[in-house]
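The file model36.cif comes next; it holds mmCIF, C-alpha atoms.
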data_coords
loop_
_atom_site.label_atom_id
_atom_site.label_comp_id
_atom_site.auth_asym_id
_atom_site.auth_seq_id
_atom_site.Cartn_x
_atom_site.Cartn_y
_atom_site.Cartn_z
CA MET A 1 -115.25 -93.70 -141.65
CA ASN A 2 -112.11 -91.79 -142.72
CA ILE A 3 -114.08 -88.53 -142.85
CA LYS A 4 -115.14 -88.95 -139.21
CA ILE A 5 -111.55 -89.54 -138.12
CA GLY A 6 -110.43 -86.50 -140.13
CA LEU A 7 -113.08 -84.29 -138.50
CA ILE A 8 -112.13 -85.53 -135.03
CA LEU A 9 -108.45 -84.85 -135.74
CA LEU A 10 -109.21 -81.40 -137.13
CA THR A 11 -111.29 -80.52 -134.07
CA ALA A 12 -108.56 -81.73 -131.70
CA LEU A 13 -105.83 -79.81 -133.52
CA THR A 14 -107.93 -76.64 -133.55
CA ALA A 15 -108.41 -76.90 -129.79
CA ILE A 16 -104.70 -77.47 -129.27
CA HIS A 17 -103.80 -74.61 -131.61
CA CYS A 18 -105.73 -72.19 -129.43
CA GLY A 19 -104.10 -73.65 -126.33
CA PHE A 20 -106.95 -75.78 -124.97
CA SER A 21 -106.30 -76.67 -121.35
CA GLN A 22 -105.85 -80.22 -120.19
CA ASP A 23 -106.84 -79.22 -116.65
CA LYS A 24 -110.48 -78.22 -116.16
CA ASN A 25 -110.32 -78.19 -112.35
CA ILE A 26 -108.41 -74.92 -111.95
CA LYS A 27 -110.51 -72.21 -110.28
CA LYS A 28 -110.49 -68.61 -111.49
CA SER A 29 -108.44 -66.26 -109.35
CA THR A 30 -110.26 -63.15 -108.27
CA LYS A 31 -107.62 -61.02 -106.55
CA MET A 32 -104.63 -59.91 -108.56
CA SER A 33 -103.64 -57.45 -105.84
CA GLU A 34 -103.36 -60.30 -103.32
CA SER A 35 -100.52 -61.91 -105.29
CA GLU A 36 -98.92 -58.53 -105.94
CA ASN A 37 -98.79 -57.81 -102.20
CA LEU A 38 -97.19 -61.18 -101.41
CA ASN A 39 -94.59 -61.07 -104.16
CA PRO A 40 -91.29 -59.53 -103.05
CA ALA A 41 -90.20 -59.11 -106.69
CA PHE A 42 -93.37 -57.38 -107.93
CA SER A 43 -92.69 -53.91 -109.30
CA ARG A 44 -94.39 -51.81 -111.95
CA ASN A 45 -91.23 -49.70 -112.34
CA SER A 46 -88.25 -52.09 -112.24
CA SER A 47 -86.68 -53.73 -115.27
CA GLU A 48 -84.33 -55.95 -113.24
CA LYS A 49 -84.60 -59.68 -113.96
CA VAL A 50 -86.53 -61.65 -111.35
CA GLU A 51 -85.31 -64.96 -110.01
CA LEU A 52 -87.29 -66.51 -107.19
CA LYS A 53 -87.21 -70.05 -105.85
CA GLU A 54 -90.27 -72.18 -106.58
CA GLU A 55 -91.32 -71.99 -102.91
CA GLU A 56 -91.32 -68.19 -103.16
CA TRP A 57 -93.39 -68.29 -106.37
CA LYS A 58 -95.92 -70.60 -104.68
CA LYS A 59 -96.33 -68.08 -101.86
CA ALA A 60 -96.49 -65.08 -104.19
CA LEU A 61 -99.00 -66.40 -106.76
CA THR A 62 -102.49 -67.83 -106.57
CA PRO A 63 -102.69 -71.56 -107.39
CA GLU A 64 -104.03 -70.83 -110.89
CA GLN A 65 -101.35 -68.21 -111.57
CA TYR A 66 -98.66 -70.62 -110.39
CA TYR A 67 -100.02 -73.40 -112.61
CA VAL A 68 -99.94 -71.20 -115.71
CA ALA A 69 -96.88 -69.01 -115.03
CA ARG A 70 -94.49 -71.53 -113.50
CA GLN A 71 -95.78 -74.90 -114.78
CA LYS A 72 -96.60 -73.71 -118.32
CA GLY A 73 -100.27 -74.49 -117.90
CA THR A 74 -103.24 -73.04 -119.75
CA GLU A 75 -106.39 -71.58 -118.28
CA ARG A 76 -109.70 -72.79 -119.67
CA PRO A 77 -110.93 -70.86 -122.73
CA TRP A 78 -113.51 -68.09 -122.23
CA THR A 79 -112.84 -67.90 -118.47
CA SER A 80 -110.55 -64.85 -118.38
CA LYS A 81 -111.98 -61.56 -117.20
CA PHE A 82 -109.73 -59.95 -119.84
CA GLU A 83 -111.01 -61.85 -122.87
CA LYS A 84 -113.86 -59.37 -123.62
CA PHE A 85 -112.37 -56.57 -121.51
CA GLU A 86 -112.39 -53.18 -123.28
CA GLU A 87 -110.91 -50.70 -120.79
CA LYS A 88 -108.10 -48.39 -121.95
CA GLY A 89 -104.75 -48.87 -120.28
CA THR A 90 -101.77 -51.16 -119.86
CA TYR A 91 -101.59 -54.94 -119.37
CA TYR A 92 -98.72 -56.21 -117.26
CA CYS A 93 -97.34 -59.51 -115.96
CA ALA A 94 -99.25 -60.44 -112.80
CA ALA A 95 -96.21 -62.33 -111.52
CA CYS A 96 -93.68 -59.47 -111.61
CA GLY A 97 -95.34 -56.25 -112.88
CA ASN A 98 -93.47 -56.10 -116.22
CA THR A 99 -95.36 -54.06 -118.85
CA LEU A 100 -96.52 -56.34 -121.68
CA PHE A 101 -99.26 -54.81 -123.89
CA GLN A 102 -101.22 -51.62 -124.45
CA SER A 103 -104.99 -51.95 -124.77
CA ASN A 104 -104.95 -50.51 -128.30
CA THR A 105 -103.15 -53.69 -129.47
CA LYS A 106 -105.86 -56.00 -128.10
CA PHE A 107 -108.35 -57.59 -130.48
CA ASP A 108 -111.09 -60.23 -130.42
CA SER A 109 -109.60 -63.31 -132.07
CA GLY A 110 -112.48 -65.56 -131.04
CA CYS A 111 -110.09 -68.20 -129.62
CA GLY A 112 -111.20 -67.83 -125.98
CA TRP A 113 -108.14 -66.02 -124.60
CA PRO A 114 -107.11 -62.36 -124.60
CA SER A 115 -105.28 -61.67 -127.87
CA PHE A 116 -102.89 -58.89 -128.83
CA PHE A 117 -101.07 -58.10 -132.08
CA GLU A 118 -97.99 -56.41 -130.58
CA PRO A 119 -96.14 -56.27 -127.24
CA VAL A 120 -95.01 -52.98 -125.70
CA SER A 121 -91.39 -53.76 -126.59
CA LYS A 122 -89.19 -56.61 -127.81
CA LYS A 123 -87.60 -56.80 -124.34
CA SER A 124 -90.94 -57.41 -122.65
CA MET A 125 -91.11 -60.97 -124.09
CA ILE A 126 -88.91 -64.03 -124.42
CA TYR A 127 -89.65 -66.31 -127.36
CA THR A 128 -88.95 -70.05 -127.12
CA SER A 129 -89.73 -73.06 -129.25
CA ASP A 130 -92.52 -75.25 -127.87
CA LYS A 131 -92.70 -78.73 -129.40
CA SER A 132 -95.20 -80.14 -126.91
CA LEU A 133 -98.49 -81.77 -127.92
CA GLY A 134 -97.01 -83.02 -131.19
CA MET A 135 -96.73 -79.61 -132.85
CA GLU A 136 -94.31 -76.73 -133.05
CA ARG A 137 -95.39 -73.40 -131.62
CA THR A 138 -93.68 -70.30 -130.27
CA GLU A 139 -94.10 -69.84 -126.54
CA VAL A 140 -93.97 -66.36 -125.05
CA GLU A 141 -92.61 -65.75 -121.57
CA CYS A 142 -92.33 -62.58 -119.54
CA GLY A 143 -89.02 -60.89 -120.33
CA ARG A 144 -88.47 -60.03 -116.68
CA CYS A 145 -89.49 -63.16 -114.69
CA LYS A 146 -89.83 -65.85 -117.39
CA ALA A 147 -93.47 -66.54 -116.48
CA HIS A 148 -95.27 -68.55 -119.16
CA LEU A 149 -97.77 -66.18 -120.79
CA GLY A 150 -99.05 -68.14 -123.79
CA HIS A 151 -98.10 -68.48 -127.46
CA VAL A 152 -97.74 -66.28 -130.52
CA PHE A 153 -99.14 -67.30 -133.90
CA ASN A 154 -98.81 -65.87 -137.43
CA ASP A 155 -102.55 -65.46 -137.98
CA GLY A 156 -103.21 -62.05 -136.44
CA PRO A 157 -104.43 -58.77 -137.92
CA PRO A 158 -102.39 -55.97 -139.52
CA PRO A 159 -100.07 -54.27 -138.94
CA THR A 160 -98.02 -57.17 -137.49
CA GLY A 161 -99.95 -60.25 -138.62
CA LEU A 162 -99.29 -61.74 -135.17
CA ARG A 163 -101.70 -63.08 -132.53
CA TYR A 164 -100.34 -63.23 -129.01
CA CYS A 165 -102.74 -65.68 -127.36
CA ILE A 166 -102.26 -64.92 -123.64
CA ASN A 167 -103.57 -66.56 -120.48
CA GLY A 168 -105.55 -63.83 -118.72
CA VAL A 169 -104.76 -65.19 -115.27
CA VAL A 170 -101.13 -64.08 -115.68
CA LEU A 171 -102.17 -60.56 -116.69
CA GLY A 172 -102.76 -57.54 -114.54
CA PHE A 173 -104.22 -54.28 -115.79
CA GLU A 174 -103.61 -50.63 -115.01
CA LYS A 175 -106.31 -48.31 -116.21
CA GLY A 176 -105.24 -45.25 -118.16
CA ASP A 177 -107.02 -42.34 -119.80
CA LYS A 178 -105.63 -43.36 -123.15
CA ASP A 179 -103.16 -45.79 -124.64
CA LYS A 180 -99.52 -44.70 -124.69
#
As structure tokens:
Amino acid sequence: MNIKIGLILLTALTAIHCGFSQDKNIKKSTKMSESENLNPAFSRNSSEKVELKEEEWKKALTPEQYYVARQKGTERPWTSKFEKFEEKGTYYCAACGNTLFQSNTKFDSGCGWPSFFEPVSKKSMIYTSDKSLGMERTEVECGRCKAHLGHVFNDGPPPTGLRYCINGVVLGFEKGDKDK
């Protein structure tokens, strides 16, 4: 009987470790450009901090983006269009346009969310302690608008050994000929 309980606990903790979503009723957003057009703070060139009221964020983001970015939610695993995405270019915050990752830092971690081993710069992320769900993790937020992006773990590949497990719904992508 104790073995069954141990296996159940291990399975639950593994799901939580990868950021398993409590909410299975969130629909996938299909138009990133729609939220970009409605967001007065969206810019691919500005580095100014973004501070909008919650009502403004609700208007600017799709319901799924708002749930993840502003309410610290998690999209369902294996639902992101970016999880197996292999185009060359730059990933940015869908909420504000801040540059986050280059495609040459993306890897397949098998956890169900887009994973990266290094952000574009230290300023592109904010790191906070997350003690929710009975464990301690490191949350990553956008360095410009403080949108919840996901979590970073110490089980990634070289050269950093880090795995940024990111909700794809809060990512945008700009295609490029090659990584910068």
Kindly assemble as JSON lines a list of the stretch 34-134 of chain A residues that lie within 10 Å of stretch 145-164 of chain A, each paired with its nearest atom pair and their distance in Å to one decimal, using only C-alpha atoms, sorted first by chain and then by ascending residue number.
{"residue": "A:Ala41", "atom": "CA", "partner": "A:Cys145", "partner_atom": "CA", "distance": 9.0}
{"residue": "A:Phe42", "atom": "CA", "partner": "A:Cys145", "partner_atom": "CA", "distance": 9.7}
{"residue": "A:Ser47", "atom": "CA", "partner": "A:Cys145", "partner_atom": "CA", "distance": 9.9}
{"residue": "A:Glu48", "atom": "CA", "partner": "A:Cys145", "partner_atom": "CA", "distance": 9.0}
{"residue": "A:Lys49", "atom": "CA", "partner": "A:Cys145", "partner_atom": "CA", "distance": 6.0}
{"residue": "A:Val50", "atom": "CA", "partner": "A:Cys145", "partner_atom": "CA", "distance": 4.7}
{"residue": "A:Glu51", "atom": "CA", "partner": "A:Cys145", "partner_atom": "CA", "distance": 6.5}
{"residue": "A:Leu52", "atom": "CA", "partner": "A:Cys145", "partner_atom": "CA", "distance": 8.5}
{"residue": "A:Gln65", "atom": "CA", "partner": "A:Ala147", "partner_atom": "CA", "distance": 9.4}
{"residue": "A:Tyr66", "atom": "CA", "partner": "A:Ala147", "partner_atom": "CA", "distance": 9.0}
{"residue": "A:Tyr67", "atom": "CA", "partner": "A:His148", "partner_atom": "CA", "distance": 9.4}
{"residue": "A:Val68", "atom": "CA", "partner": "A:His148", "partner_atom": "CA", "distance": 6.4}
{"residue": "A:Ala69", "atom": "CA", "partner": "A:Ala147", "partner_atom": "CA", "distance": 4.5}
{"residue": "A:Arg70", "atom": "CA", "partner": "A:Ala147", "partner_atom": "CA", "distance": 5.9}
{"residue": "A:Gln71", "atom": "CA", "partner": "A:His148", "partner_atom": "CA", "distance": 7.7}
{"residue": "A:Lys72", "atom": "CA", "partner": "A:His148", "partner_atom": "CA", "distance": 5.4}
{"residue": "A:Gly73", "atom": "CA", "partner": "A:His148", "partner_atom": "CA", "distance": 7.9}
{"residue": "A:Thr74", "atom": "CA", "partner": "A:Gly150", "partner_atom": "CA", "distance": 7.6}
{"residue": "A:Glu75", "atom": "CA", "partner": "A:Gly150", "partner_atom": "CA", "distance": 9.8}
{"residue": "A:Cys93", "atom": "CA", "partner": "A:Ala147", "partner_atom": "CA", "distance": 8.0}
{"residue": "A:Ala94", "atom": "CA", "partner": "A:Ala147", "partner_atom": "CA", "distance": 9.2}
{"residue": "A:Ala95", "atom": "CA", "partner": "A:Ala147", "partner_atom": "CA", "distance": 7.1}
{"residue": "A:Cys96", "atom": "CA", "partner": "A:Cys145", "partner_atom": "CA", "distance": 6.4}
{"residue": "A:Gly97", "atom": "CA", "partner": "A:Cys145", "partner_atom": "CA", "distance": 9.2}
{"residue": "A:Asn98", "atom": "CA", "partner": "A:Cys145", "partner_atom": "CA", "distance": 8.2}
{"residue": "A:Leu100", "atom": "CA", "partner": "A:Leu149", "partner_atom": "CA", "distance": 10.0}
{"residue": "A:Phe101", "atom": "CA", "partner": "A:Tyr164", "partner_atom": "CA", "distance": 9.9}
{"residue": "A:Thr105", "atom": "CA", "partner": "A:Pro157", "partner_atom": "CA", "distance": 9.9}
{"residue": "A:Lys106", "atom": "CA", "partner": "A:Tyr164", "partner_atom": "CA", "distance": 9.1}
{"residue": "A:Phe107", "atom": "CA", "partner": "A:Pro157", "partner_atom": "CA", "distance": 8.5}
{"residue": "A:Ser109", "atom": "CA", "partner": "A:Gly156", "partner_atom": "CA", "distance": 7.8}
{"residue": "A:Trp113", "atom": "CA", "partner": "A:Gly150", "partner_atom": "CA", "distance": 9.4}
{"residue": "A:Pro114", "atom": "CA", "partner": "A:Tyr164", "partner_atom": "CA", "distance": 8.1}
{"residue": "A:Ser115", "atom": "CA", "partner": "A:Tyr164", "partner_atom": "CA", "distance": 5.3}
{"residue": "A:Phe116", "atom": "CA", "partner": "A:Tyr164", "partner_atom": "CA", "distance": 5.0}
{"residue": "A:Phe117", "atom": "CA", "partner": "A:Arg163", "partner_atom": "CA", "distance": 5.0}
{"residue": "A:Glu118", "atom": "CA", "partner": "A:Thr160", "partner_atom": "CA", "distance": 7.0}
{"residue": "A:Pro119", "atom": "CA", "partner": "A:Tyr164", "partner_atom": "CA", "distance": 8.3}
{"residue": "A:Ser124", "atom": "CA", "partner": "A:Cys145", "partner_atom": "CA", "distance": 9.9}
{"residue": "A:Met125", "atom": "CA", "partner": "A:Lys146", "partner_atom": "CA", "distance": 8.4}
{"residue": "A:Ile126", "atom": "CA", "partner": "A:Lys146", "partner_atom": "CA", "distance": 7.3}
{"residue": "A:Tyr127", "atom": "CA", "partner": "A:Val152", "partner_atom": "CA", "distance": 8.7}
{"residue": "A:Thr128", "atom": "CA", "partner": "A:His151", "partner_atom": "CA", "distance": 9.3}
{"residue": "A:Ser129", "atom": "CA", "partner": "A:His151", "partner_atom": "CA", "distance": 9.7}
{"residue": "A:Asp130", "atom": "CA", "partner": "A:His151", "partner_atom": "CA", "distance": 8.8}
Written selection (C-alpha atoms) as a PDB file, in the coordinates of the input:
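Once everything was written out, this is again-v9.pdb:
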ATOM      1  CA  ALA A  41     -90.200 -59.110-106.690  1.00  0.00           C
ATOM      2  CA  PHE A  42     -93.370 -57.380-107.930  1.00  0.00           C
ATOM      3  CA  SER A  47     -86.680 -53.730-115.270  1.00  0.00           C
ATOM      4  CA  GLU A  48     -84.330 -55.950-113.240  1.00  0.00           C
ATOM      5  CA  LYS A  49     -84.600 -59.680-113.960  1.00  0.00           C
ATOM      6  CA  VAL A  50     -86.530 -61.650-111.350  1.00  0.00           C
ATOM      7  CA  GLU A  51     -85.310 -64.960-110.010  1.00  0.00           C
ATOM      8  CA  LEU A  52     -87.290 -66.510-107.190  1.00  0.00           C
ATOM      9  CA  GLN A  65    -101.350 -68.210-111.570  1.00  0.00           C
ATOM     10  CA  TYR A  66     -98.660 -70.620-110.390  1.00  0.00           C
ATOM     11  CA  TYR A  67    -100.020 -73.400-112.610  1.00  0.00           C
ATOM     12  CA  VAL A  68     -99.940 -71.200-115.710  1.00  0.00           C
ATOM     13  CA  ALA A  69     -96.880 -69.010-115.030  1.00  0.00           C
ATOM     14  CA  ARG A  70     -94.490 -71.530-113.500  1.00  0.00           C
ATOM     15  CA  GLN A  71     -95.780 -74.900-114.780  1.00  0.00           C
ATOM     16  CA  LYS A  72     -96.600 -73.710-118.320  1.00  0.00           C
ATOM     17  CA  GLY A  73    -100.270 -74.490-117.900  1.00  0.00           C
ATOM     18  CA  THR A  74    -103.240 -73.040-119.750  1.00  0.00           C
ATOM     19  CA  GLU A  75    -106.390 -71.580-118.280  1.00  0.00           C
ATOM     20  CA  CYS A  93     -97.340 -59.510-115.960  1.00  0.00           C
ATOM     21  CA  ALA A  94     -99.250 -60.440-112.800  1.00  0.00           C
ATOM     22  CA  ALA A  95     -96.210 -62.330-111.520  1.00  0.00           C
ATOM     23  CA  CYS A  96     -93.680 -59.470-111.610  1.00  0.00           C
ATOM     24  CA  GLY A  97     -95.340 -56.250-112.880  1.00  0.00           C
ATOM     25  CA  ASN A  98     -93.470 -56.100-116.220  1.00  0.00           C
ATOM     26  CA  LEU A 100     -96.520 -56.340-121.680  1.00  0.00           C
ATOM     27  CA  PHE A 101     -99.260 -54.810-123.890  1.00  0.00           C
ATOM     28  CA  THR A 105    -103.150 -53.690-129.470  1.00  0.00           C
ATOM     29  CA  LYS A 106    -105.860 -56.000-128.100  1.00  0.00           C
ATOM     30  CA  PHE A 107    -108.350 -57.590-130.480  1.00  0.00           C
ATOM     31  CA  SER A 109    -109.600 -63.310-132.070  1.00  0.00           C
ATOM     32  CA  TRP A 113    -108.140 -66.020-124.600  1.00  0.00           C
ATOM     33  CA  PRO A 114    -107.110 -62.360-124.600  1.00  0.00           C
ATOM     34  CA  SER A 115    -105.280 -61.670-127.870  1.00  0.00           C
ATOM     35  CA  PHE A 116    -102.890 -58.890-128.830  1.00  0.00           C
ATOM     36  CA  PHE A 117    -101.070 -58.100-132.080  1.00  0.00           C
ATOM     37  CA  GLU A 118     -97.990 -56.410-130.580  1.00  0.00           C
ATOM     38  CA  PRO A 119     -96.140 -56.270-127.240  1.00  0.00           C
ATOM     39  CA  SER A 124     -90.940 -57.410-122.650  1.00  0.00           C
ATOM     40  CA  MET A 125     -91.110 -60.970-124.090  1.00  0.00           C
ATOM     41  CA  ILE A 126     -88.910 -64.030-124.420  1.00  0.00           C
ATOM     42  CA  TYR A 127     -89.650 -66.310-127.360  1.00  0.00           C
ATOM     43  CA  THR A 128     -88.950 -70.050-127.120  1.00  0.00           C
ATOM     44  CA  SER A 129     -89.730 -73.060-129.250  1.00  0.00           C
ATOM     45  CA  ASP A 130     -92.520 -75.250-127.870  1.00  0.00           C
TER      46      ASP A 130
END
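Distance-wise, atom CA of A:Gly110 and atom CA of A:Glu86 end up 14.6 Å apart.
Checking A:Thr79, A:Thr62, A:Ser121, A:Ser103 one by one against A:Gly143, counting all atoms listed in the file, you find the shortest gap at A:Ser121.
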Fewer than 2 positions away in the same chain doesn't count, so skip those; otherwise give me all residues within 7 Å of A:Tyr91, counting all atoms listed in the file, as a VMD selection string.
-> chain A and resid 89 99 to 102 171 to 174
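Considering only C-alpha atoms, the residue among A:Tyr92, A:Asn104, A:Pro40, A:Thr138 positioned nearest to A:Lys59 is A:Pro40.
When atom CA of A:Glu54 is paired with atom CA of A:Leu133, their separation reads 24.8 Å.
From atom CA of A:Val170 back to atom CA of A:Lys58, the distance works out to 13.8 Å.
You can rank A:Cys142, A:Val120, A:Cys111, A:Met135 by their closest distance to A:Glu83 using only C-alpha atoms, and at the top of that list sits A:Cys111.
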